[in-house]
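**Q** Would you mind keeping the following structure in view while I ask a few things?
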Amino acid sequence: MENTKDLTEHTSRAERKRRDSFGMFDGYDSCSEDTSSSSSSEESEEEVAPLPSSLPIIKNNGQVYTYPDGKSGMATCEMCGMVGVRDAFYSKTKRFCSVSCSRSYSSNSKKASILARLQGKPPTKKAKVLQKQPLVAKLAAYAQYQATLQNQAKTKAAVPVEGFSWGNYINSNSFTAAPVTCFKHAPMGTCWGDISEGVRVEVPNTDCSLPTKVFWIAGIVKLAGYNALLRYEGFENDSSLDFWCNVCGSDIHPVGWCATSGKPLVPPRTIQHKYTNWKAFLVKRLTGAKTLPPDFSQKVSESMQYPFKTSMRVEVVDKTHLCRTRVAVVESVIGGRLRLVYEESEDKTDDFWCHMYSPLIHHIGWSRSIGHRFKRSDITKKQDGHFDAPSHLFMKVKEVDAAGEWFKEGMKLEAIDPLNLSAICVATIRKVLADGYLMIGIDGSEAADGSDWFCYHATSPSIFPVGFCEINMIELTPPRGYAKLPFKWFDYLRETDSIAAPVKLFNKEVPNHGFHVGMKLEAVDLMEPRLVCVATVTRIIHRLLRIHFDGWEDEYDQWVDCESPDLYPVGWCQLTGYQLQPPAPQSSRDSQSSSSKQKKKAKSQQYKGHKKMTSLQLKEELLDGEEYSFLQGASDQESNGSASYYIKQEP
């Protein structure tokens, strides 16, 4: 028994002698270097279900609309797929069934069509109706059709798109990515610390033929969001074995982890004979160097815990009627993004994607509390297992004082069009709700029943005072059909007998967000909110970012706030398991470019470029007696600062 104990102690001492304080093996050469076979996994692209040959029957407000075969003299709407009598269609070309479809086409349907072609299943327009239907019916039919397609696609296994790599994309083009600290809502966004180039970490050594998994120290050469370009220690200026890795991944550890975990540190085979004393080399190179905090992996894990759970009930905007909300149930949570299924959807295909901090979702009872329109569910009681999400889980809006001067119905302003996020439009306050909420309508394209009014809070960064676009050199979209071009606010206010909403009522705070023009990121396509795409910041106006989807035409760009929960660092999809949509390939860019040019040519015949007014002219024409000093818009390179849009001159 004593001999056994002595042998055990002797073996343990020998093992401890073989490893130094770094967890590194002495006598590396004695280790076996039998070549181990490497396995490769084949990736396959996600198949997209073919479009159905006919659409289902759609019930809306008690009416039933069917889709019979096409007839002579019929025309197909290129936006929603509805078919009606050709003579009743909108515009000379008879391409759209209504003004709304014409306006929304470029930012919605065409992009979905191109995406379908990229995935090898070009869509067909089979939808047919006997006559032109109301906007509400068209929206309902189109939304249900899209939801069905999306559900079919989601039932298949989501796999990474073959061939796209953030690392290769950034390296080959010398791109810069937005830092993680720009995204406070993302994992580690508020506790990223001073992780930067030069930080040392312990990672698996892939340049080794040992049969067991071994590690080596590497330094961060370049950061791109969560991703880091790493170089093994000892390679100096040799980049031949540099590799990209997600910093928040399970295989990256702080220096010292191997020693405490009993894992071996082994130099890469390529440089194993470069030094005779690797221990002394590491001591010299690591003295004074930075590494990850010891609790880094714990922080990553904690930051990826989300309070929303499946089966929670919420109120969310009705995608078929923007002016109202509906009850929906959380079906899944991925990286803080929620797939919500409307409560009345029996087959769970009628869904909506948004982030848990989105301004589009609220606690049960929110609509009633502020006077917002709400669609009552046909379900009289909660289904088993469903429960209301606690109100404290939702993003809180700033409190406002509506007791004094406040927004009033009929006031004019400028607003991002929720149906075409690339455009900032002339808009009107249609209704003032409680707690600072406003119902906004886009002038010239509103539905008669107000079904496309949209709810913005008074502090929303998506609404702006009259003159914002002019001051910041942004093209303002005039009301549809407005003939007096170039558009001038002064003339329009006089013609419509309206007044501009007071400048001082708008949110003018500009956070030190850290974005710069040209930075890469991952962004939600808000016109198709289940998609997260490779994107670029192309303009910065105070806190407003112009997001361009790489590989797509500029007409698909979207205006997004710098603190939007729909923007993510490079590597977010990989970290959370969400599927990333890569840039469109060159062949598809050429086809969409040709189509886009034809569209823009036709559009240019109807809309002329807007002549810019000077700040002095705008001040004299709009403010009528009140003195304001207009701050010039921040340039595309000036991404930060606390400057406000306008400053009122005190008497």
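By order in the structure tokens, chains are A, B, ...; within a chain, residues start at 1; ligands start at 1, following the order shown.
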So that I can see what lies close to stretch 215-221 of chain A, please list as JSON, numbers by chain the residues with an atom at most 10 Å from it, counting only C-alpha atoms and leaving out residues fewer than 2 positions away in the same chain.
**A** {"A": [22, 23, 24, 195, 196, 197, 198, 199, 200, 201, 202, 203, 204, 205, 206, 207, 208, 212, 213, 223, 227, 228, 229, 230, 231, 232, 233, 234, 235, 239, 242, 243, 244, 245, 247, 251, 252, 253, 254, 255, 256, 258, 263, 264, 265, 266, 267, 268, 282, 286, 289, 290, 291]}
**Q** Could you save those same residues with C-alpha atoms as a PDB file, in the first residue's frame?
**A**
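What landed in selection_21.pdb:
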ATOM      1  CA  PHE A  22       2.331  28.751 -17.693  1.00  0.00           C
ATOM      2  CA  GLY A  23       1.038  25.179 -17.877  1.00  0.00           C
ATOM      3  CA  MET A  24       3.625  24.630 -20.606  1.00  0.00           C
ATOM      4  CA  ILE A 195     -10.132  44.672 -25.094  1.00  0.00           C
ATOM      5  CA  SER A 196      -8.045  45.928 -27.993  1.00  0.00           C
ATOM      6  CA  GLU A 197      -5.136  45.113 -30.263  1.00  0.00           C
ATOM      7  CA  GLY A 198      -2.207  43.624 -28.347  1.00  0.00           C
ATOM      8  CA  VAL A 199      -4.296  41.749 -25.783  1.00  0.00           C
ATOM      9  CA  ARG A 200      -2.964  38.208 -25.275  1.00  0.00           C
ATOM     10  CA  VAL A 201      -5.157  35.127 -24.979  1.00  0.00           C
ATOM     11  CA  GLU A 202      -4.783  31.357 -24.816  1.00  0.00           C
ATOM     12  CA  VAL A 203      -6.298  29.487 -27.758  1.00  0.00           C
ATOM     13  CA  PRO A 204      -6.148  25.990 -29.259  1.00  0.00           C
ATOM     14  CA  ASN A 205      -2.949  25.306 -31.206  1.00  0.00           C
ATOM     15  CA  THR A 206      -4.031  24.117 -34.659  1.00  0.00           C
ATOM     16  CA  ASP A 207      -0.452  23.941 -35.955  1.00  0.00           C
ATOM     17  CA  CYS A 208       0.266  20.754 -34.082  1.00  0.00           C
ATOM     18  CA  THR A 212      -4.604  15.637 -27.800  1.00  0.00           C
ATOM     19  CA  LYS A 213      -5.930  19.176 -27.812  1.00  0.00           C
ATOM     20  CA  LEU A 223     -10.575  43.678 -33.851  1.00  0.00           C
ATOM     21  CA  ASN A 227     -14.173  38.894 -34.037  1.00  0.00           C
ATOM     22  CA  ALA A 228     -10.431  39.139 -33.529  1.00  0.00           C
ATOM     23  CA  LEU A 229      -7.586  38.412 -35.916  1.00  0.00           C
ATOM     24  CA  LEU A 230      -5.099  36.408 -33.850  1.00  0.00           C
ATOM     25  CA  ARG A 231      -1.419  35.629 -34.332  1.00  0.00           C
ATOM     26  CA  TYR A 232       0.406  32.958 -32.382  1.00  0.00           C
ATOM     27  CA  GLU A 233       3.113  34.257 -30.086  1.00  0.00           C
ATOM     28  CA  GLY A 234       6.503  33.776 -31.669  1.00  0.00           C
ATOM     29  CA  PHE A 235       5.479  34.468 -35.276  1.00  0.00           C
ATOM     30  CA  SER A 239       1.013  36.441 -40.808  1.00  0.00           C
ATOM     31  CA  ASP A 242      -3.142  34.314 -38.617  1.00  0.00           C
ATOM     32  CA  PHE A 243      -6.736  33.313 -37.987  1.00  0.00           C
ATOM     33  CA  TRP A 244     -10.055  34.912 -37.024  1.00  0.00           C
ATOM     34  CA  CYS A 245     -11.893  33.893 -33.902  1.00  0.00           C
ATOM     35  CA  VAL A 247     -13.559  36.667 -28.713  1.00  0.00           C
ATOM     36  CA  ASP A 251     -12.100  28.417 -27.076  1.00  0.00           C
ATOM     37  CA  ILE A 252     -10.590  31.772 -26.050  1.00  0.00           C
ATOM     38  CA  HIS A 253      -9.233  32.120 -22.513  1.00  0.00           C
ATOM     39  CA  PRO A 254      -7.192  34.613 -20.487  1.00  0.00           C
ATOM     40  CA  VAL A 255      -3.476  33.970 -20.064  1.00  0.00           C
ATOM     41  CA  GLY A 256      -3.020  31.620 -17.113  1.00  0.00           C
ATOM     42  CA  CYS A 258      -4.071  26.580 -19.024  1.00  0.00           C
ATOM     43  CA  LYS A 263      -4.101  22.161 -20.031  1.00  0.00           C
ATOM     44  CA  PRO A 264      -0.805  21.952 -21.959  1.00  0.00           C
ATOM     45  CA  LEU A 265       0.774  24.954 -23.698  1.00  0.00           C
ATOM     46  CA  VAL A 266       2.649  23.757 -26.782  1.00  0.00           C
ATOM     47  CA  PRO A 267       4.378  26.005 -29.360  1.00  0.00           C
ATOM     48  CA  PRO A 268       3.175  25.719 -32.977  1.00  0.00           C
ATOM     49  CA  LEU A 282       6.957  33.733 -22.753  1.00  0.00           C
ATOM     50  CA  LEU A 286       3.999  38.494 -21.470  1.00  0.00           C
ATOM     51  CA  ALA A 289       0.943  42.530 -21.454  1.00  0.00           C
ATOM     52  CA  LYS A 290      -2.847  42.697 -21.113  1.00  0.00           C
ATOM     53  CA  THR A 291      -5.164  39.730 -21.208  1.00  0.00           C
TER      54      THR A 291
END
**Q** Quick one: of A:Val510, A:Gly193, A:Gly365, A:Glu344, who's nearest to A:Phe296, counting only C-alpha atoms?
**A**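 The shortest atom-to-atom distance to A:Phe296 comes from A:Gly193.
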**Q** Could you pull out the strand (DSSP E) residues of stretch 209-440 of chain A from DSSP and send them as a ChimeraX atom specification?
**A** /A:215-224,227-232,243-246,253-254,312-318,321-334,337-342,351-355,361-362,373-374,387-388,412-417,420-432,437-440
**Q** Considering only C-alpha atoms, can you say which of A:Cys573, A:Leu413, A:Ile499, A:Ile364 comes closest to A:Gly336?
**A**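 Nearest to A:Gly336: A:Cys573.
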**Q** Residues within 9 Å of stretch 319-334 of chain A, please, as an MDAnalysis selection string. Count only C-alpha atoms; anything in the same chain fewer than 6 positions from it doesn't count.
**A** chainID A and resid 136:144 306 308:313 340:344 348 351:352 356 360:361 364 367 372:377 386:388 418 439 450:455 576:578
**Q** Can those selected residues be exported to a file as a CSV table (one decimal), in the first residue's frame so that it contains C-alpha atoms?
**A**
chain,number,residue,atom,x,y,z
A,136,VAL,CA,-56.6,46.9,-45.8
A,137,ALA,CA,-57.6,43.7,-47.6
A,138,LYS,CA,-54.4,43.8,-49.8
A,139,LEU,CA,-52.2,44.3,-46.7
A,140,ALA,CA,-53.9,41.4,-44.9
A,141,ALA,CA,-53.5,39.0,-47.9
A,142,TYR,CA,-49.9,40.0,-48.6
A,143,ALA,CA,-48.9,39.7,-44.9
A,144,GLN,CA,-50.4,36.3,-44.6
A,306,TYR,CA,-32.6,37.2,-21.7
A,308,PHE,CA,-38.2,37.2,-22.1
A,309,LYS,CA,-39.3,33.6,-22.1
A,310,THR,CA,-41.4,31.5,-24.5
A,311,SER,CA,-45.2,31.6,-23.9
A,312,MET,CA,-45.1,35.2,-22.7
A,313,ARG,CA,-47.9,37.4,-24.0
A,340,LEU,CA,-43.8,36.6,-31.9
A,341,VAL,CA,-46.8,34.7,-33.1
A,342,TYR,CA,-50.1,36.5,-33.2
A,343,GLU,CA,-52.4,34.8,-30.7
A,344,GLU,CA,-55.1,34.0,-33.2
A,348,LYS,CA,-48.3,29.7,-35.8
A,351,ASP,CA,-45.5,35.9,-36.9
A,352,PHE,CA,-43.5,39.0,-36.3
A,356,MET,CA,-37.0,42.6,-26.9
A,360,LEU,CA,-43.0,48.1,-31.2
A,361,ILE,CA,-43.8,45.8,-28.3
A,364,ILE,CA,-50.6,43.7,-22.0
A,367,SER,CA,-53.0,50.2,-25.7
A,372,HIS,CA,-54.1,53.3,-28.8
A,373,ARG,CA,-56.3,51.2,-31.2
A,374,PHE,CA,-56.2,47.6,-30.3
A,375,LYS,CA,-57.6,44.5,-32.1
A,376,ARG,CA,-59.4,42.3,-29.6
A,377,SER,CA,-58.5,38.6,-29.8
A,386,HIS,CA,-49.3,31.4,-21.7
A,387,PHE,CA,-48.8,34.3,-19.3
A,388,ASP,CA,-48.5,38.0,-19.5
A,418,PRO,CA,-42.4,53.1,-41.5
A,439,MET,CA,-50.2,58.9,-34.2
A,450,GLY,CA,-56.1,55.7,-41.1
A,451,SER,CA,-55.0,52.1,-41.1
A,452,ASP,CA,-51.4,53.1,-42.0
A,453,TRP,CA,-51.0,55.7,-39.2
A,454,PHE,CA,-48.0,54.9,-37.1
A,455,CYS,CA,-47.4,55.4,-33.4
A,576,THR,CA,-26.0,33.9,-30.9
A,577,GLY,CA,-26.7,31.3,-33.6
A,578,TYR,CA,-28.7,33.6,-35.8
**Q** For A:Leu292, which of A:Tyr568, A:Trp192, A:Trp278, A:Trp366 is the closest residue, counting only C-alpha atoms?
**A** A:Trp192
